[in-house]
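Data file: query.csv. Format and content: CSV, C-alpha atoms.
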```csv
chain,number,residue,atom,x,y,z
A,244,MET,CA,-15.4,-41.8,24.7
A,245,LEU,CA,-15.4,-38.8,22.3
A,246,GLN,CA,-18.8,-37.8,20.9
A,247,VAL,CA,-18.4,-37.1,17.2
A,248,SER,CA,-21.1,-35.8,14.9
A,249,ILE,CA,-20.5,-36.2,11.2
A,250,TYR,CA,-22.3,-34.5,8.3
A,251,ARG,CA,-23.6,-37.2,6.0
A,252,TYR,CA,-25.1,-36.7,2.6
A,253,ASN,CA,-25.2,-39.0,-0.4
A,254,PRO,CA,-27.1,-37.2,-3.2
A,255,GLU,CA,-27.8,-40.5,-4.9
A,256,SER,CA,-29.8,-41.9,-2.0
A,257,ASP,CA,-30.5,-39.1,0.6
A,258,SER,CA,-33.2,-36.5,0.1
A,259,GLU,CA,-31.4,-34.2,2.4
A,260,PRO,CA,-28.2,-34.0,4.5
A,261,SER,CA,-28.2,-35.3,8.1
A,262,MET,CA,-25.8,-35.6,11.1
A,263,GLN,CA,-24.7,-39.0,12.2
A,264,ASP,CA,-23.3,-39.5,15.7
A,265,PHE,CA,-20.3,-41.8,16.6
A,266,GLN,CA,-18.6,-42.7,19.8
A,267,VAL,CA,-14.8,-42.8,19.4
A,268,ASP,CA,-12.3,-44.2,21.9
A,269,THR,CA,-9.2,-42.0,21.6
A,270,GLY,CA,-7.4,-44.0,24.3
A,271,GLY,CA,-6.8,-40.7,26.2
A,272,LYS,CA,-4.5,-39.4,23.5
A,273,ASP,CA,-4.6,-36.0,21.9
A,274,LEU,CA,-5.2,-37.3,18.4
A,275,MET,CA,-5.5,-35.3,15.3
A,276,VAL,CA,-9.1,-34.9,13.9
A,277,LEU,CA,-8.0,-37.0,10.8
A,278,ASP,CA,-7.0,-39.8,13.2
A,279,VAL,CA,-10.5,-39.7,14.6
A,280,LEU,CA,-12.0,-39.8,11.1
A,281,GLU,CA,-9.9,-42.8,10.4
A,282,LEU,CA,-11.2,-44.5,13.5
A,283,ILE,CA,-14.8,-43.7,12.4
A,284,LYS,CA,-14.0,-45.1,9.0
A,285,SER,CA,-13.2,-48.4,10.7
A,286,GLN,CA,-16.6,-48.3,12.3
A,287,ASP,CA,-18.5,-47.2,9.1
A,288,THR,CA,-16.7,-47.6,5.8
A,289,THR,CA,-19.2,-45.5,4.0
A,290,VAL,CA,-18.1,-42.2,5.5
A,291,ALA,CA,-16.4,-40.2,2.7
A,292,TYR,CA,-13.7,-37.6,3.1
A,293,ARG,CA,-10.5,-36.5,1.3
A,294,ARG,CA,-7.1,-37.1,2.7
A,295,SER,CA,-3.6,-37.7,1.4
A,296,CYS,CA,-0.3,-36.6,3.0
A,297,ARG,CA,-1.6,-36.4,6.6
A,298,GLU,CA,0.9,-33.7,7.5
A,299,GLY,CA,-0.6,-30.4,6.4
A,300,VAL,CA,1.2,-30.3,3.0
A,301,CYS,CA,-1.3,-31.5,0.4
A,302,GLY,CA,-4.3,-29.5,1.5
A,303,SER,CA,-6.8,-32.3,0.9
A,304,ASP,CA,-8.5,-32.5,4.2
A,305,GLY,CA,-9.8,-29.0,4.7
A,306,LEU,CA,-12.9,-29.4,6.9
A,307,ASN,CA,-15.1,-27.4,9.2
A,308,MET,CA,-14.4,-28.7,12.8
A,309,ASN,CA,-16.6,-27.4,15.6
A,310,GLY,CA,-17.5,-24.4,13.4
A,311,LYS,CA,-13.9,-23.5,12.3
A,312,ASN,CA,-12.2,-24.4,9.0
A,313,GLY,CA,-8.9,-26.1,9.2
A,314,LEU,CA,-6.9,-29.1,8.1
A,315,ALA,CA,-8.0,-32.3,9.9
A,316,CYS,CA,-4.5,-33.8,9.8
A,317,ILE,CA,-2.8,-31.0,11.8
A,318,THR,CA,-5.7,-30.0,14.1
A,319,PRO,CA,-5.3,-31.7,17.5
A,320,LEU,CA,-8.5,-32.5,19.4
A,321,SER,CA,-7.2,-30.3,22.3
A,322,GLU,CA,-7.4,-27.4,20.0
A,323,THR,CA,-11.0,-27.9,18.7
A,324,VAL,CA,-13.0,-30.2,21.1
A,325,LYS,CA,-15.2,-28.5,23.7
A,326,ASN,CA,-17.3,-30.5,26.2
A,327,ASN,CA,-16.1,-33.8,24.7
A,328,LYS,CA,-18.0,-33.1,21.5
A,329,LEU,CA,-16.7,-32.8,17.9
A,330,VAL,CA,-18.9,-31.7,15.0
A,331,VAL,CA,-17.3,-32.2,11.6
A,332,ARG,CA,-18.9,-30.7,8.5
A,333,PRO,CA,-17.7,-30.1,4.9
A,334,LEU,CA,-16.2,-26.7,4.0
A,335,PRO,CA,-19.1,-24.3,3.9
A,336,GLY,CA,-20.3,-22.6,0.7
A,337,LEU,CA,-19.2,-25.2,-1.8
A,338,PRO,CA,-21.6,-27.9,-3.2
A,339,VAL,CA,-21.3,-31.2,-1.4
A,340,ILE,CA,-20.4,-34.2,-3.6
A,341,ARG,CA,-20.8,-36.7,-0.7
A,342,ASP,CA,-20.4,-36.5,3.1
A,343,LEU,CA,-17.3,-34.3,3.8
A,344,VAL,CA,-16.2,-34.1,0.1
A,345,VAL,CA,-17.0,-30.8,-1.6
A,346,ASP,CA,-16.9,-29.8,-5.3
A,347,MET,CA,-13.9,-27.4,-5.6
A,348,THR,CA,-14.7,-26.4,-9.2
A,349,MET,CA,-15.7,-22.8,-8.3
A,350,PHE,CA,-12.6,-22.4,-6.1
A,351,TYR,CA,-10.3,-23.6,-8.8
A,352,ALA,CA,-12.0,-21.4,-11.4
A,353,GLN,CA,-11.1,-18.3,-9.4
A,354,TYR,CA,-7.6,-19.6,-9.0
A,355,GLU,CA,-7.3,-20.0,-12.7
A,356,LYS,CA,-8.5,-16.4,-13.3
A,357,VAL,CA,-5.5,-14.9,-11.6
A,358,GLN,CA,-3.1,-16.7,-14.1
A,359,PRO,CA,-1.0,-18.3,-11.4
A,360,TYR,CA,2.2,-18.6,-13.4
A,361,LEU,CA,4.9,-16.3,-14.5
A,362,LEU,CA,4.1,-14.2,-17.6
A,363,ASN,CA,7.4,-13.2,-19.2
A,364,ASP,CA,7.9,-13.1,-23.0
A,365,THR,CA,11.6,-12.2,-22.9
A,366,PRO,CA,13.9,-15.1,-24.1
A,367,ALA,CA,14.5,-17.5,-21.3
A,368,PRO,CA,18.1,-17.5,-20.0
A,369,ALA,CA,20.3,-20.6,-20.4
A,370,ILE,CA,19.8,-21.7,-16.7
A,371,GLU,CA,17.1,-19.8,-14.9
A,372,ARG,CA,15.6,-16.4,-14.3
A,373,LEU,CA,17.5,-15.1,-11.3
A,374,GLN,CA,16.2,-12.9,-8.5
A,375,SER,CA,18.0,-10.9,-5.8
A,376,PRO,CA,17.6,-12.2,-2.3
A,377,GLU,CA,15.5,-9.1,-1.5
A,378,ASP,CA,13.1,-9.8,-4.4
A,379,ARG,CA,12.8,-13.4,-3.4
A,380,GLU,CA,11.9,-12.3,0.1
A,381,LYS,CA,8.9,-10.5,-1.2
A,382,LEU,CA,7.3,-13.9,-2.0
A,383,ASP,CA,7.5,-15.2,1.6
A,384,GLY,CA,4.1,-15.5,3.1
A,385,LEU,CA,2.6,-15.9,-0.4
A,386,TYR,CA,4.1,-19.0,-2.1
A,387,GLU,CA,3.4,-21.3,0.9
A,388,CYS,CA,-0.4,-21.5,0.1
A,389,ILE,CA,-1.5,-25.1,-0.5
A,390,LEU,CA,-4.9,-24.3,-1.9
A,391,CYS,CA,-6.8,-26.1,0.8
A,392,ALA,CA,-9.7,-23.6,0.4
A,393,CYS,CA,-10.1,-23.2,4.2
A,394,CYS,CA,-9.8,-19.4,3.8
A,395,SER,CA,-12.1,-18.8,0.8
A,396,THR,CA,-14.8,-21.0,2.3
A,397,ALA,CA,-14.7,-19.1,5.6
A,398,CYS,CA,-15.3,-15.8,3.7
A,399,PRO,CA,-18.9,-14.6,3.5
A,400,SER,CA,-18.1,-12.5,0.4
A,401,PHE,CA,-17.0,-15.8,-1.3
A,402,TRP,CA,-20.1,-17.6,-0.1
A,403,TRP,CA,-22.4,-15.0,-1.8
A,404,ASN,CA,-20.3,-14.4,-4.9
A,405,PRO,CA,-18.1,-17.4,-5.6
A,406,ASP,CA,-18.4,-16.8,-9.3
A,407,ARG,CA,-17.3,-13.1,-9.1
A,408,PHE,CA,-15.2,-12.5,-6.0
A,409,ILE,CA,-11.8,-14.2,-6.5
A,410,GLY,CA,-11.6,-15.0,-2.8
A,411,PRO,CA,-8.7,-14.8,-0.3
A,412,SER,CA,-6.8,-17.8,-1.6
A,413,GLY,CA,-6.9,-16.6,-5.3
A,414,LEU,CA,-6.0,-13.1,-4.3
A,415,LEU,CA,-3.0,-14.3,-2.2
A,416,GLN,CA,-1.8,-16.0,-5.4
A,417,ALA,CA,-2.6,-13.0,-7.5
A,418,TYR,CA,-0.4,-10.9,-5.3
A,419,ARG,CA,2.3,-13.6,-5.3
A,420,PHE,CA,2.7,-13.0,-9.1
A,421,LEU,CA,2.2,-9.3,-8.9
A,422,ALA,CA,5.1,-9.2,-6.4
A,423,ASP,CA,7.4,-11.4,-8.4
A,424,SER,CA,10.2,-9.5,-10.0
A,425,ARG,CA,10.4,-12.0,-12.9
A,426,ASP,CA,6.8,-11.4,-13.9
A,427,LEU,CA,6.3,-8.7,-16.6
A,428,ALA,CA,2.5,-8.6,-16.8
A,429,THR,CA,1.8,-6.5,-13.7
A,430,ASP,CA,-0.3,-3.9,-15.5
A,431,GLU,CA,-2.3,-6.5,-17.4
A,432,ARG,CA,-2.9,-8.4,-14.2
A,433,LEU,CA,-4.1,-5.3,-12.3
A,434,SER,CA,-6.4,-4.3,-15.1
A,435,LYS,CA,-8.3,-7.6,-14.7
A,436,LEU,CA,-8.8,-6.9,-11.0
A,437,ASP,CA,-10.2,-3.4,-11.1
A,438,ASP,CA,-13.9,-4.1,-10.9
A,439,PRO,CA,-16.2,-3.9,-7.9
A,440,PHE,CA,-16.1,-7.7,-7.3
A,441,SER,CA,-12.8,-9.4,-8.0
A,442,VAL,CA,-10.8,-7.7,-5.2
A,443,PHE,CA,-13.1,-5.1,-3.7
A,444,ARG,CA,-15.7,-7.5,-2.5
A,445,CYS,CA,-13.3,-8.1,0.4
A,446,HIS,CA,-14.5,-6.1,3.4
A,447,GLY,CA,-11.5,-7.0,5.5
A,448,ILE,CA,-13.2,-9.1,8.2
A,449,GLN,CA,-10.1,-11.4,8.2
A,450,ASN,CA,-11.9,-14.7,8.6
A,451,CYS,CA,-9.2,-15.9,6.1
A,452,VAL,CA,-6.4,-14.9,8.4
A,453,ASN,CA,-8.2,-16.5,11.4
A,454,VAL,CA,-8.4,-20.0,9.7
A,455,CYS,CA,-5.4,-20.3,7.4
A,456,PRO,CA,-3.6,-23.5,8.6
A,457,LYS,CA,-0.3,-22.2,7.2
A,458,GLY,CA,-0.5,-19.0,9.1
A,459,LEU,CA,-0.7,-16.8,6.0
A,460,ASN,CA,-2.4,-13.4,5.7
A,461,PRO,CA,-4.5,-13.0,2.6
A,462,THR,CA,-6.0,-9.7,3.9
A,463,ARG,CA,-2.6,-8.1,3.9
A,464,ALA,CA,-2.0,-9.4,0.3
A,465,ILE,CA,-5.4,-7.9,-0.7
A,466,GLY,CA,-4.3,-4.6,0.9
A,467,HIS,CA,-1.1,-4.6,-1.2
A,468,ILE,CA,-3.2,-5.3,-4.4
A,469,ARG,CA,-5.5,-2.3,-3.5
A,470,HIS,CA,-2.5,-0.1,-3.1
A,471,MET,CA,-0.9,-1.2,-6.4
A,472,LEU,CA,-4.3,-0.4,-8.1
A,473,LEU,CA,-4.3,3.0,-6.4
A,474,SER,CA,-0.7,3.7,-7.3
A,475,ARG,CA,-1.3,3.2,-11.0
A,476,ALA,CA,-4.7,4.9,-11.1
A,477,THR,CA,-5.2,8.6,-12.1
B,202,MET,CA,-12.9,-8.7,-14.9
B,203,VAL,CA,-16.6,-8.6,-13.8
B,204,ARG,CA,-18.7,-6.1,-15.6
B,205,SER,CA,-21.0,-3.9,-13.5
B,206,VAL,CA,-23.4,-1.2,-14.7
B,207,THR,CA,-25.0,-0.2,-11.4
B,208,SER,CA,-22.0,0.4,-9.1
B,209,PHE,CA,-21.3,4.0,-8.1
B,210,GLY,CA,-18.2,4.7,-10.1
B,211,ARG,CA,-18.1,1.6,-12.3
B,212,SER,CA,-14.7,0.7,-10.8
B,213,GLY,CA,-14.0,-1.2,-7.7
B,214,LEU,CA,-11.1,1.1,-6.8
B,215,SER,CA,-13.2,4.2,-7.3
B,216,ASP,CA,-16.0,2.9,-5.1
B,217,TRP,CA,-13.6,1.8,-2.5
B,218,LEU,CA,-11.8,5.1,-2.3
B,219,ILE,CA,-15.1,7.1,-2.3
B,220,GLN,CA,-16.4,4.8,0.5
B,221,ARG,CA,-13.4,5.6,2.7
B,222,VAL,CA,-13.1,9.3,2.0
B,223,SER,CA,-16.8,9.8,2.5
B,224,GLY,CA,-16.5,7.8,5.8
B,225,VAL,CA,-13.8,10.2,7.0
B,226,ILE,CA,-15.9,13.2,6.1
B,227,LEU,CA,-18.9,11.8,8.0
B,228,LEU,CA,-16.8,11.0,11.0
B,229,ALA,CA,-15.4,14.6,11.0
B,230,TYR,CA,-18.9,16.0,10.6
B,231,PHE,CA,-20.5,13.9,13.4
B,232,LEU,CA,-17.6,14.7,15.7
B,233,CYS,CA,-18.2,18.4,14.9
B,234,ILE,CA,-21.9,18.1,15.6
B,235,GLY,CA,-21.2,16.0,18.7
B,236,ALA,CA,-18.8,18.6,20.1
B,237,SER,CA,-21.5,21.3,19.5
B,238,ILE,CA,-24.2,19.3,21.3
B,239,ALA,CA,-21.8,18.4,24.2
B,240,GLY,CA,-21.2,22.1,24.8
B,241,GLY,CA,-25.0,22.6,25.3
B,242,VAL,CA,-27.4,23.6,22.6
B,243,ASP,CA,-30.6,25.7,22.3
B,244,TYR,CA,-32.6,26.8,19.3
B,245,LEU,CA,-30.8,30.1,18.9
B,246,SER,CA,-27.3,28.8,19.0
B,247,TRP,CA,-28.3,25.9,16.7
B,248,ARG,CA,-29.8,28.4,14.2
B,249,ASP,CA,-26.7,30.6,14.4
B,250,MET,CA,-24.5,27.7,13.8
B,251,PHE,CA,-26.3,26.8,10.6
B,252,GLU,CA,-26.6,30.4,9.4
B,253,GLY,CA,-22.9,30.4,8.6
B,254,THR,CA,-21.9,29.5,5.1
B,255,ALA,CA,-19.0,27.3,6.2
B,256,MET,CA,-21.3,25.1,8.3
B,257,ARG,CA,-23.8,24.9,5.5
B,258,VAL,CA,-21.1,23.8,3.0
B,259,PHE,CA,-19.8,21.3,5.5
B,260,THR,CA,-23.3,19.9,6.1
B,261,LEU,CA,-23.9,19.7,2.3
B,262,LEU,CA,-20.6,17.9,2.0
B,263,ALA,CA,-21.7,15.5,4.7
B,264,ILE,CA,-25.1,14.9,3.0
B,265,LEU,CA,-23.4,14.2,-0.3
B,266,SER,CA,-20.9,11.9,1.4
B,267,LEU,CA,-23.7,10.1,3.2
B,268,ALA,CA,-25.5,9.7,-0.2
B,269,ALA,CA,-22.5,8.2,-1.9
B,270,HIS,CA,-21.6,6.1,1.2
B,271,ALA,CA,-25.1,4.8,1.5
B,272,TRP,CA,-25.4,3.9,-2.3
B,273,ILE,CA,-22.1,2.0,-2.3
B,274,GLY,CA,-23.1,0.1,0.9
B,275,MET,CA,-26.6,-0.7,-0.2
B,276,TRP,CA,-25.4,-1.7,-3.7
B,277,ALA,CA,-22.9,-4.1,-2.1
B,278,VAL,CA,-25.7,-5.6,0.1
B,279,SER,CA,-28.0,-6.0,-2.8
B,280,THR,CA,-25.4,-7.7,-5.0
B,281,ASP,CA,-24.5,-10.0,-2.1
B,282,TYR,CA,-28.0,-11.3,-1.2
B,283,MET,CA,-30.3,-10.5,-4.1
B,284,THR,CA,-28.7,-12.4,-6.9
B,285,GLU,CA,-29.7,-14.9,-9.6
B,286,ARG,CA,-27.4,-17.4,-8.0
B,287,LEU,CA,-29.2,-17.3,-4.7
B,288,MET,CA,-32.8,-16.6,-5.7
B,289,GLY,CA,-33.2,-17.5,-9.4
B,290,THR,CA,-34.3,-14.9,-11.9
B,291,LYS,CA,-36.5,-13.2,-9.3
B,292,GLY,CA,-33.3,-12.2,-7.6
B,293,ASN,CA,-32.5,-9.9,-10.6
B,294,VAL,CA,-35.9,-8.3,-10.4
B,295,LEU,CA,-35.7,-7.9,-6.7
B,296,ARG,CA,-32.2,-6.4,-6.8
B,297,VAL,CA,-33.0,-3.8,-9.5
B,298,ALA,CA,-36.2,-2.9,-7.7
B,299,PHE,CA,-34.3,-2.5,-4.4
B,300,GLN,CA,-31.6,-0.5,-6.1
B,301,ILE,CA,-34.1,1.9,-7.7
B,302,ALA,CA,-35.9,2.3,-4.3
B,303,CYS,CA,-32.6,3.0,-2.6
B,304,SER,CA,-31.5,5.6,-5.2
B,305,LEU,CA,-34.9,7.2,-5.0
B,306,VAL,CA,-34.8,7.5,-1.2
B,307,ILE,CA,-31.2,8.8,-1.3
B,308,PHE,CA,-32.2,11.4,-4.0
B,309,VAL,CA,-35.2,12.6,-1.9
B,310,TYR,CA,-33.0,12.9,1.2
B,311,VAL,CA,-30.4,14.9,-0.7
B,312,ILE,CA,-32.9,17.4,-2.1
B,313,TRP,CA,-34.7,17.6,1.3
B,314,GLY,CA,-31.4,18.2,3.0
B,315,VAL,CA,-30.6,21.1,0.6
B,316,GLN,CA,-34.0,22.5,1.2
B,317,ILE,CA,-33.6,22.4,4.9
B,318,LEU,CA,-30.1,24.0,4.7
B,319,TRP,CA,-31.1,26.9,2.4
B,320,GLY,CA,-34.8,26.9,2.8
```

As structure tokens, what does this structure read like?
Amino acid sequence: MLQVSIYRYNPESDSEPSMQDFQVDTGGKDLMVLDVLELIKSQDTTVAYRRSCREGVCGSDGLNMNGKNGLACITPLSETVKNNKLVVRPLPGLPVIRDLVVDMTMFYAQYEKVQPYLLNDTPAPAIERLQSPEDREKLDGLYECILCACCSTACPSFWWNPDRFIGPSGLLQAYRFLADSRDLATDERLSKLDDPFSVFRCHGIQNCVNVCPKGLNPTRAIGHIRHMLLSRAT
Amino acid sequence: MVRSVTSFGRSGLSDWLIQRVSGVILLAYFLCIGASIAGGVDYLSWRDMFEGTAMRVFTLLAILSLAAHAWIGMWAVSTDYMTERLMGTKGNVLRVAFQIACSLVIFVYVIWGVQILWG
């Protein structure tokens, strides 16, 4: 039997959060953490968590499992469980709405700041704006982000300044549009990032790289943004 | 764009660049001092070393680099932990008081360093 400890908090009835222990029979299988949560849900229907696609595409079930952020649906028990014990907490640094469900408002506000869409005032061509294969390649490792927030909520700079520091996820997206040959607002975008918080609160500790379930590298993207800022500065 | 009035260069890029350049200068200076000490040092050789203008200029450069490096670092620490978000309005008071104390200590060390070098 797997020992599972789940963070429980219902702001409407609990004065403070607590951990609740469950025993789960995994049948000797190497289940995903989400499967374990589903088994717990069958024991106690009041346990709240987000989930949707259950295959690492939607980014809904970002959780902190035995101290490391990741997607519950693609994290096998063999990867996270030590001494037959699994501790599941909500993503750190964001307000808890209930149990494992966090309020992502601050995370999305930072995403919105980087204007995650193409800025191009030139008349749209009849079919589509074309890119060379080389220019398209520059977006690899950037466009795959699913906004699960595992990276930003593993970043101490984002914990302390979630209202000022854009965070690894938002900055990865910022660079995705800075690097896009079809976007014409590079200078305007960079001007909005050249303050001591938005980009430069990153100290390069690479927690984001360590936890990204899609294997992306926000620290490298942040480095590219810094070099773009440096190239245009006098 | 987040407005800041107390950061060293008022620009994230400027602070970042100064932090790195000053770090390299400090590394070079401490390697230089380390090499001198490793070769054996006594009062006379130490005094002779600091009599030379080049060493004094290098030391002053290191002191100024340390001042800038320390300010940027302490400013980052204070704006991480002593904020209105974490501590309420007393966070603002504490942060500004801490920043004033840091700048005062750094200022005193710079003047004292100059005095030691050319005193």

Using all atoms listed in the file, what table do you get, as JSON lines, when you list each residue of chain A with an atom no more than 10 Å from chain B, its nearest pair of atoms, and their distance in Å rounded to one decimal, rows by chain then rising number?
```
{"residue": "A:Lys356", "atom": "CA", "partner": "B:Met202", "partner_atom": "CA", "distance": 9.0}
{"residue": "A:Pro399", "atom": "CA", "partner": "B:Asp281", "partner_atom": "CA", "distance": 9.2}
{"residue": "A:Ser400", "atom": "CA", "partner": "B:Asp281", "partner_atom": "CA", "distance": 7.3}
{"residue": "A:Phe401", "atom": "CA", "partner": "B:Asp281", "partner_atom": "CA", "distance": 9.5}
{"residue": "A:Trp402", "atom": "CA", "partner": "B:Asp281", "partner_atom": "CA", "distance": 9.0}
{"residue": "A:Trp403", "atom": "CA", "partner": "B:Asp281", "partner_atom": "CA", "distance": 5.4}
{"residue": "A:Asn404", "atom": "CA", "partner": "B:Asp281", "partner_atom": "CA", "distance": 6.7}
{"residue": "A:Pro405", "atom": "CA", "partner": "B:Arg286", "partner_atom": "CA", "distance": 9.6}
{"residue": "A:Asp406", "atom": "CA", "partner": "B:Arg286", "partner_atom": "CA", "distance": 9.1}
{"residue": "A:Arg407", "atom": "CA", "partner": "B:Val203", "partner_atom": "CA", "distance": 6.5}
{"residue": "A:Phe408", "atom": "CA", "partner": "B:Val203", "partner_atom": "CA", "distance": 8.8}
{"residue": "A:Leu433", "atom": "CA", "partner": "B:Met202", "partner_atom": "CA", "distance": 9.8}
{"residue": "A:Ser434", "atom": "CA", "partner": "B:Met202", "partner_atom": "CA", "distance": 7.9}
{"residue": "A:Lys435", "atom": "CA", "partner": "B:Met202", "partner_atom": "CA", "distance": 4.7}
{"residue": "A:Leu436", "atom": "CA", "partner": "B:Met202", "partner_atom": "CA", "distance": 5.9}
{"residue": "A:Asp437", "atom": "CA", "partner": "B:Gly213", "partner_atom": "CA", "distance": 5.6}
{"residue": "A:Asp438", "atom": "CA", "partner": "B:Gly213", "partner_atom": "CA", "distance": 4.3}
{"residue": "A:Pro439", "atom": "CA", "partner": "B:Gly213", "partner_atom": "CA", "distance": 3.5}
{"residue": "A:Phe440", "atom": "CA", "partner": "B:Val203", "partner_atom": "CA", "distance": 6.6}
{"residue": "A:Ser441", "atom": "CA", "partner": "B:Met202", "partner_atom": "CA", "distance": 6.9}
{"residue": "A:Val442", "atom": "CA", "partner": "B:Gly213", "partner_atom": "CA", "distance": 7.7}
{"residue": "A:Phe443", "atom": "CA", "partner": "B:Gly213", "partner_atom": "CA", "distance": 5.7}
{"residue": "A:Arg444", "atom": "CA", "partner": "B:Ala277", "partner_atom": "CA", "distance": 8.0}
{"residue": "A:His446", "atom": "CA", "partner": "B:Trp217", "partner_atom": "CA", "distance": 9.9}
{"residue": "A:Arg469", "atom": "CA", "partner": "B:Leu214", "partner_atom": "CA", "distance": 7.3}
{"residue": "A:His470", "atom": "CA", "partner": "B:Leu214", "partner_atom": "CA", "distance": 9.4}
{"residue": "A:Leu472", "atom": "CA", "partner": "B:Leu214", "partner_atom": "CA", "distance": 7.1}
{"residue": "A:Leu473", "atom": "CA", "partner": "B:Leu214", "partner_atom": "CA", "distance": 7.1}
{"residue": "A:Ala476", "atom": "CA", "partner": "B:Leu214", "partner_atom": "CA", "distance": 8.6}
```

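With only the atoms specified (all atoms listed in the file) counting, those residues at most 8 Å away from (-3.2, -15.9, -8.8) are Tyr354, Glu355, Lys356, Val357, Gln358, Pro359, Tyr360, Gly413, Leu414, Leu415, Gln416, Ala417, Tyr418, Arg419 and Phe420 of chain A.
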
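From CA of Cys394 (chain A) back to CA of Pro338 (chain A), the distance works out to 16.1 Å.
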
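Going from CA of Asp430 (chain A) over to CA of His467 (chain A), you cover 14.3 Å.
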
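Interatomic distance, CA of Pro319 (chain A) against CA of Ser285 (chain A): 19.7 Å.
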
Write out as a list in words each polymer residue whose atoms come within 12 Å of Asn450 (chain A), counting all atoms listed in the file; drop sequence neighbours fewer than 5 positions from it. Lys311, Asn312, Gly313, Cys393, Cys394, Ser395, Thr396, Ala397, Cys398, Pro399, Ser400, Phe401, Gly410, Pro411, Ser412, Cys445, Cys455, Leu459, Asn460, Pro461 and Thr462 of chain A

Please provide as a VMD selection string all residues within 12 Å of Asp287 (chain A), with the sequence filter that same-chain residues fewer than 3 positions apart are discarded (counting all atoms listed in the file). chain A and resid 249 251 263 to 267 280 to 284 290 to 291

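All polymer residues at most 7 Å from (-4.2, -27.5, 2.1), using only C-alpha atoms, appear as Gly299, Val300, Cys301, Gly302, Ser303, Asp304, Gly305, Leu314, Ile389, Leu390, Cys391 and Ala392 of chain A.
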
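In this comparison, which uses all atoms listed in the file, the residue of A:Gln353, A:Asn307, A:Asn327, A:Thr365 approaching Met244 (chain A) most closely is A:Asn327.
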
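Comparing B:Ile264, B:Glu285, B:Ile317, B:Trp276 by their smallest distance to Ala302 (chain B), the closest is B:Trp276 (using all atoms listed in the file).
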
Quick one: residues within 12 Å of Ile234 (chain B), all atoms listed in the file counted, chain neighbours fewer than 2 positions away excluded, as a PyMOL selection string? chain B and resi 227-232+236-242+247+250-251+256+259-260+263

Looking at only C-alpha atoms, which of A:Val331, A:Lys457, A:Pro260, A:Leu421 is the one that sits closest to Ile317 (chain A)? A:Lys457
